[in-house]
Every structure is written in structure tokens, then in C-alpha cells.
Amino acid sequence: MSSFGKPLKIALGLAIIAGLIVIPMNFNRYGLFILSQWAVMSIAAMGLNLTLGYAGQVSLAQGAFVGIGAYAAAIMTTHGWPLPAAILVAILLSFAVGWVLGYPALRVQHHYLAFVTLAFSTLAFLVFRNESWLTGGIYGISNIPRPHIFGLATNKPLPFYYVCLGSLAIVSLAVWWLIRSPWGRAFMALRENPLRAQSLGIDTRRYTLMAFAIGSALGGIAGALYAPLTQYIDPVPFNLSLSLDLLMMVIVGGAGFYFGPFLGAMIAVLLPEWLRFTEGYYLMLYAVAVMLLLIWSPTGILGILDRYLAERRTKAASALRAVAKSRLETVQ
Amino acid sequence: MSAVLEVSEIKKNFGGISAVDGVSFDVREGEILGLIGPNGCGKSTLFNCILGQLTPSGGEVKLDGKVVTGLRPAELNKLGVSRTFQLLQVFPKLSVRENLILAGQEHQGSMASRLVGRSDAGLTEAANQMIGFFKLDHLADEPAGGLSYGQQKLLDAAMAFMGGPRLVLLDEPAGGVNPSMLTDLKERLVAINREKNATFVVIEHNMEFVMSLCSRVMVMAEGKVLAMGRPDEVRKNPAVIEAYLGH
């Protein structure tokens, strides 16, 4: 990314943040709902990006962790607990369950691991649907309250959008810290060469479990925000298709790229809305757009940018070599 | 001189085939031991048994007099046993410097301290020194996957030394490396051996490289030790000539 100046990058980042704060002030209820959903799904996709994109562990269960977080928040807040407490419980619960789900990854990888996590996803859905004493079964849980933050009510769409955006900001900073830390480097080592990683003293077992647990905990946070966002949850949104959607967000945005989940969630949440004017065709167009993108760039949108920058670097380097060579020849 | 590594009666069977069949030897502190033998004679399997990548079917491995048989590779590495691989084993998408920082980061502090501490684990300086030592300066920020084969071999070796190991097992470090780079590699290995008092065991097919680098050479054939001794002794041994060196 050296071709962008650092100040330019910072300016661009600040402009986007300012835009996300200011522009939605004029949005209607529905627009704010969609944007809040983008923020929530970005958090969940960031978790999966950590597990899959950085640590290389395939998971088809991220949707289930969103569900676990959502039910934890719904049950607690409808019983009078404040949302921050519910978020904390959602984090601990999905972290613990994610840790346990990581154990199969110590034995199986790739599509075998995908099947194990898929089975877990189905299991979680059955618990949400059948354990009606806890989850309300197919009738779900309604009247989920939105929180008061520092005494301010966030019932209205705009304040709650800011709750989602603020949470996204905190999670983004935490993930940025994590992937830059030695842990992030160890996660990438798991992805790129676990055998070599072991011989360098990297405890691959512990890091694999951590990658699952932390990624799942982010799914739990997303769920704990999703519940007060929709104010009503039932098992359907947390079935396997949410896990597949989240997987698509990570792949389309660019797995293993920091900004991938933001872009991927934008495409998964916003593109269908923009394509609504085509009425019956929008899902088809959406599907075709995603297929074309992945044929063009299997590494996702950020993969295109990465390739472009790599090519520019190579060109710049060979130009430098050519100049050096011609100088040598002139000297001779 | 005391023994850093004592291997006694190590056996490894795969089904009915015994790949390593009761191998015993000592590696003395500060020496460079060569390990040669025809392809398939069990050299790499022996390495993997010593390093915990394979569980031996029998026998014992001692490090500094303590039994370490059955420890996991990461645990052994933290006790100061490091290795390089026969086939390229670098992290292709990380830069050369990141590869080296990664190779050293688990050798200090706790897991928690690595989460909250500095992102380079305080190793940038050490990594830069290693980069300079292996003459990879101009490539420090390049992704390791973009390096030539020989350069990746050098990086692989450099990574093995980041944690300040006492004992390094090198599996064909010279394979596929061009002659001028080979001289470089040999110089580096000798320098580290002397200055850091690191002990090496080197598997290699390049006879000239082995004979000039090693103080003792062990010859294996069909899972067993065929000969052990100074390079000039081994070279004259009729059994070794028959099994490996040829006439």
C-alpha cells in the first residue's frame, strides 16, 4: 500500500468515519435499519475473518454464534438486565462455546472441518427452535428493549444506529490491535504453514482454539446487538443460511484483509437493497454479480486492489532496474 | 565435552516396515555432526522422531541428560531445539522480517504478554541483525514467497536461529542452493556454531559440503547406523563406499 501516502490514507479514513456519522442523520427509518444491520454484520464477519481469513480455520457456524449472542441478549434484557451486561454474557458464552468447537479443528481441516461446524450450526438452530422454555421456540422473543446509554434512550433508529456504529468502532480497534500483535502473526502462521509454526515454538493447539473462540465471541457481540436492533427474534434468521451469508461476506470482501468484512457486509446487506428496483430479478442479479466477482478475483474485492498494487510495485522495480542498467552501460 | 543430545535405540515402524531400526548416537556440545546415507535410509524419519513430529515406536531421546521423548515440537523448540526442513518451509505471505519475528516471538514472555505487548515483540532489532547476517537486507520487506529458492533456504535457516537455539537439526540445507550461495551458507553456519556455541546435526547429500563442515559424520543405511567417525575415516570405510559413496 506504499503508493498511497500515509496522510492520504488517514484523511480518507477520517472522511469515511465522518460520513458514517453525519450522512445518516437525514436517513429514514428503513435506511437507518439497513445501515445498522451493516454495522452488526460487519462485526460478525470480522469474527469469521479472524477465524477463517487470518487463522485459516473454515467455519460454517458463525451464524449460530450470532444466534447465541442474540438469544442471550434477548433473554437477559427482557428480564430487566442492562444491555452491556448482556453483551458481556454473550461474549463469554460464545467464547466458551467457540473454544469447544475449536477442538475438532485440531484433528480435521478444510471441508471436513466445514462439515463439523455445519453440524454444530444445525444443532444450535434446533436448540433455538425446540427449547421453548428458554427461547420461546418458533414464537421467538418479542419486545426486546433498546438500551439507555449514559441515561440517553436509544429507542429511536438514529441513536441506536450510533450504538451499532460505536460498537463497530470499538470492535474494529480491538481486531486491529489483535492482528498486529504477535497473536495475529501466529494466526497467519497457522494458516500458512502449521508444521513450520510448531517447529518455531508456536503452540498451534492453543492458537487454533483462540482463533475459534475470539472469532465466535465477535459473532456473539453481533448477535447481542442484532436482538435490540430488530426488537424481535425467532430461530429463522440464525439458521445455516446466515452462516453461509457471513462466509460469503468474508470471501467477497477478501478473506485475510482487514477491511474485507466491511466491504463484504456492505455488498451482502446493501446491494440487495439497491437492486430492489429490478423487483423480481434482484436476487438473480445479486447472485450473478457475486459469481462474476469471484470468477474475476477469487481473493475478493480487496484481492483486486492487492494485485493492482503488487503489479505497480513490480513495474516500478523493473523500471528502476532498467534505469540502473542503462546507467551502467553509459559508464562503460 | 558433554553430550547435548543422546539418542538411544530409537525405532520407528510404519506398518511392517521399520524405517528407523534401533539407532543410537550422541551429539557433543558445540560439534557439527553430519548425517548421510542413501535416500530412504531413515534420516528424515530419525529427525522427525527426535523432534517430536513423529512418535518413535521405541527408544529414548535425551536433551542435556533429560528425557524428552514424546514432547511436542513446540515444547522441544522452547527447550532450545530448532530445525530446518528439507522442503521449503517459510511463511510465503509474510515479509522476510515478519517471518523472522514470528520465529522468535514465542521464546519470550507469556501468551498474555504477547497480546498486550509490542506488535513486534521487541524483535525488530534482532530480526534486522539476522537479516544482515544472512545478507538478505535488500529483501527484508519482500513477501517471503517472492524470494528465489536459494534465498528462501537462507531464510529458513535464519528462522531456525532466531530463538537462540542450543541444538539445530538441519535437513538438507544445501539442496538446490547455487555454489556461491553455498559458500555463504557454510560460512554463516560455522560462524553461528563458533560464536553462539550452537550444536548442529546436518543431513546432507552434498559430500563436499558435509566433509568440509562437519567434525564427525554418521552414515545410515536401511534404518541402521553403518558408520560413525571423522570425515576422512568415514570416507575410507569400505562398508560406506559399498552402500553409499560408490567406487
# chains A, B, ... in the order shown; residues from 1 in each chain; ligands from 1
$ residues_around --residues "Val116 in chain A" --least-positions-apart "2" --cutoff "9 Å" --atoms "only C-alpha atoms" --output "PDB file with C-alpha atoms, in the first residue's frame"
ATOM      1  CA  SER A  59     -16.247 -22.389   9.931  1.00  0.00           C
ATOM      2  CA  LEU A  60     -19.865 -22.689   8.861  1.00  0.00           C
ATOM      3  CA  LEU A 101     -15.954 -26.032  18.781  1.00  0.00           C
ATOM      4  CA  PRO A 104     -12.400 -30.686  16.114  1.00  0.00           C
ATOM      5  CA  ALA A 105     -10.143 -28.272  14.208  1.00  0.00           C
ATOM      6  CA  VAL A 108      -9.645 -32.182  10.931  1.00  0.00           C
ATOM      7  CA  HIS A 111     -14.014 -29.286   4.139  1.00  0.00           C
ATOM      8  CA  TYR A 112     -14.068 -31.881   6.913  1.00  0.00           C
ATOM      9  CA  LEU A 113     -13.947 -29.057   9.420  1.00  0.00           C
ATOM     10  CA  ALA A 114     -16.655 -27.269   7.434  1.00  0.00           C
ATOM     11  CA  LEU A 118     -22.135 -27.189   9.818  1.00  0.00           C
ATOM     12  CA  ALA A 119     -23.428 -29.896  12.128  1.00  0.00           C
ATOM     13  CA  PHE A 120     -22.939 -27.549  15.070  1.00  0.00           C
ATOM     14  CA  SER A 121     -24.866 -24.857  13.225  1.00  0.00           C
TER      15      SER A 121
END
$ residues_around --residues "range 148-161 of chain A" --least-positions-apart "5" --cutoff "9 Å" --atoms "only C-alpha atoms" --output "MDAnalysis selection string"
chainID A and resid 24:25 27:30 32:33 35:37 39 82:83 166 228:229
$ residues_around --residues "range 14-25 of chain B" --least-positions-apart "2" --cutoff "6 Å" --atoms "only C-alpha atoms" --output "MDAnalysis selection string"
chainID B and resid 7:12 42 223:224
$ write_last_selection --atoms "C-alpha atoms" --output "short mmCIF file (atom, residue, chain, number, x, y, z; two decimals), in the first residue's frame"
data_model
loop_
_atom_site.label_atom_id
_atom_site.label_comp_id
_atom_site.auth_asym_id
_atom_site.auth_seq_id
_atom_site.Cartn_x
_atom_site.Cartn_y
_atom_site.Cartn_z
CA VAL B 7 19.65 -40.86 21.24
CA SER B 8 19.35 -44.48 22.30
CA GLU B 9 17.79 -47.36 20.40
CA ILE B 10 15.27 -45.23 18.52
CA LYS B 11 12.90 -47.32 16.41
CA LYS B 12 10.13 -46.25 14.08
CA GLY B 42 15.59 -43.16 7.54
CA GLY B 223 17.39 -47.69 9.15
CA LYS B 224 20.62 -48.56 10.95
#
$ interface_residues --of "chain B" --to "chain A" --cutoff "10 Å" --atoms "only C-alpha atoms" --output "ChimeraX atom specification"
/B:51-53,72-85,88-94,98-99,101-107,111-121,156,159-163
$ select_by_dssp --residues "range 91-216 of chain B" --states "alpha helix (DSSP H)" --output "ChimeraX atom specification"
/B:96-105,111-116,124-133,149-161,179-195,207-213
$ closest_residue --among "A:Ala224, A:Cys164, A:Ile23, A:Ala11" --to "Ala86 in chain A" --atoms "only C-alpha atoms"
A:Ala224
$ residues_around --residues "range 129-136 of chain A" --least-positions-apart "3" --cutoff "8 Å" --atoms "only C-alpha atoms" --output "ChimeraX atom specification"
/A:71,75,125-126,139-141,234-235
$ write_last_selection --atoms "C-alpha atoms" --output "PDB file, in the first residue's frame"
ATOM      1  CA  TYR A  71     -30.741 -15.081  22.459  1.00  0.00           C
ATOM      2  CA  ILE A  75     -33.476 -13.259  27.308  1.00  0.00           C
ATOM      3  CA  PHE A 125     -30.747 -23.965  15.359  1.00  0.00           C
ATOM      4  CA  LEU A 126     -32.582 -26.959  16.848  1.00  0.00           C
ATOM      5  CA  TYR A 139     -42.790 -17.809  18.542  1.00  0.00           C
ATOM      6  CA  GLY A 140     -39.494 -16.256  19.456  1.00  0.00           C
ATOM      7  CA  ILE A 141     -38.939 -13.388  21.873  1.00  0.00           C
ATOM      8  CA  ASP A 234     -37.063 -16.127  16.305  1.00  0.00           C
ATOM      9  CA  PRO A 235     -34.858 -19.059  15.209  1.00  0.00           C
TER      10      PRO A 235
END
$ residues_around --residues "range 235-238 of chain B" --least-positions-apart "4" --cutoff "12 Å" --atoms "only C-alpha atoms" --output "count of residues only"
21
$ residues_around --residues "Thr78 in chain A" --least-positions-apart "5" --cutoff "8 Å" --atoms "only C-alpha atoms" --output "ChimeraX atom specification"
/A:143-145
$ write_last_selection --atoms "N, CA and C atoms" --output "mmCIF file, in the first residue's frame"
data_model
loop_
_atom_site.group_PDB
_atom_site.id
_atom_site.type_symbol
_atom_site.label_atom_id
_atom_site.label_comp_id
_atom_site.auth_asym_id
_atom_site.auth_seq_id
_atom_site.Cartn_x
_atom_site.Cartn_y
_atom_site.Cartn_z
ATOM 1 N N ASN A 143 -40.644 -7.722 21.925
ATOM 2 C CA ASN A 143 -40.484 -6.566 22.822
ATOM 3 C C ASN A 143 -39.104 -6.511 23.477
ATOM 4 N N ILE A 144 -38.084 -6.751 22.678
ATOM 5 C CA ILE A 144 -36.724 -6.639 23.208
ATOM 6 C C ILE A 144 -36.407 -5.145 23.334
ATOM 7 N N PRO A 145 -36.060 -4.692 24.547
ATOM 8 C CA PRO A 145 -35.851 -3.255 24.718
ATOM 9 C C PRO A 145 -34.518 -2.797 24.139
#
$ closest_residue --among "B:Ile203, B:Cys49, B:Val168, B:Leu182" --to "Lys153 in chain B" --atoms "only C-alpha atoms"
B:Leu182
$ atom_distance --atom1 "CA of Ala18 in chain A" --atom2 "CA of Ala169 in chain A"
12.4 Å
$ select_by_dssp --residues "range 119-172 of chain A" --states "strand (DSSP E)" --output "list in words"
His148, Ile149, Leu152 and Ala153 of chain A
$ atom_distance --atom1 "CA of Phe47 in chain B" --atom2 "CA of Leu169 in chain B"
7.3 Å
$ residues_around --residues "Ala255 in chain A" --least-positions-apart "4" --cutoff "9 Å" --atoms "only C-alpha atoms" --output "number ranges by chain"
A: 49-50, 52-54, 249-251, 260-261, 299-300, 302-303
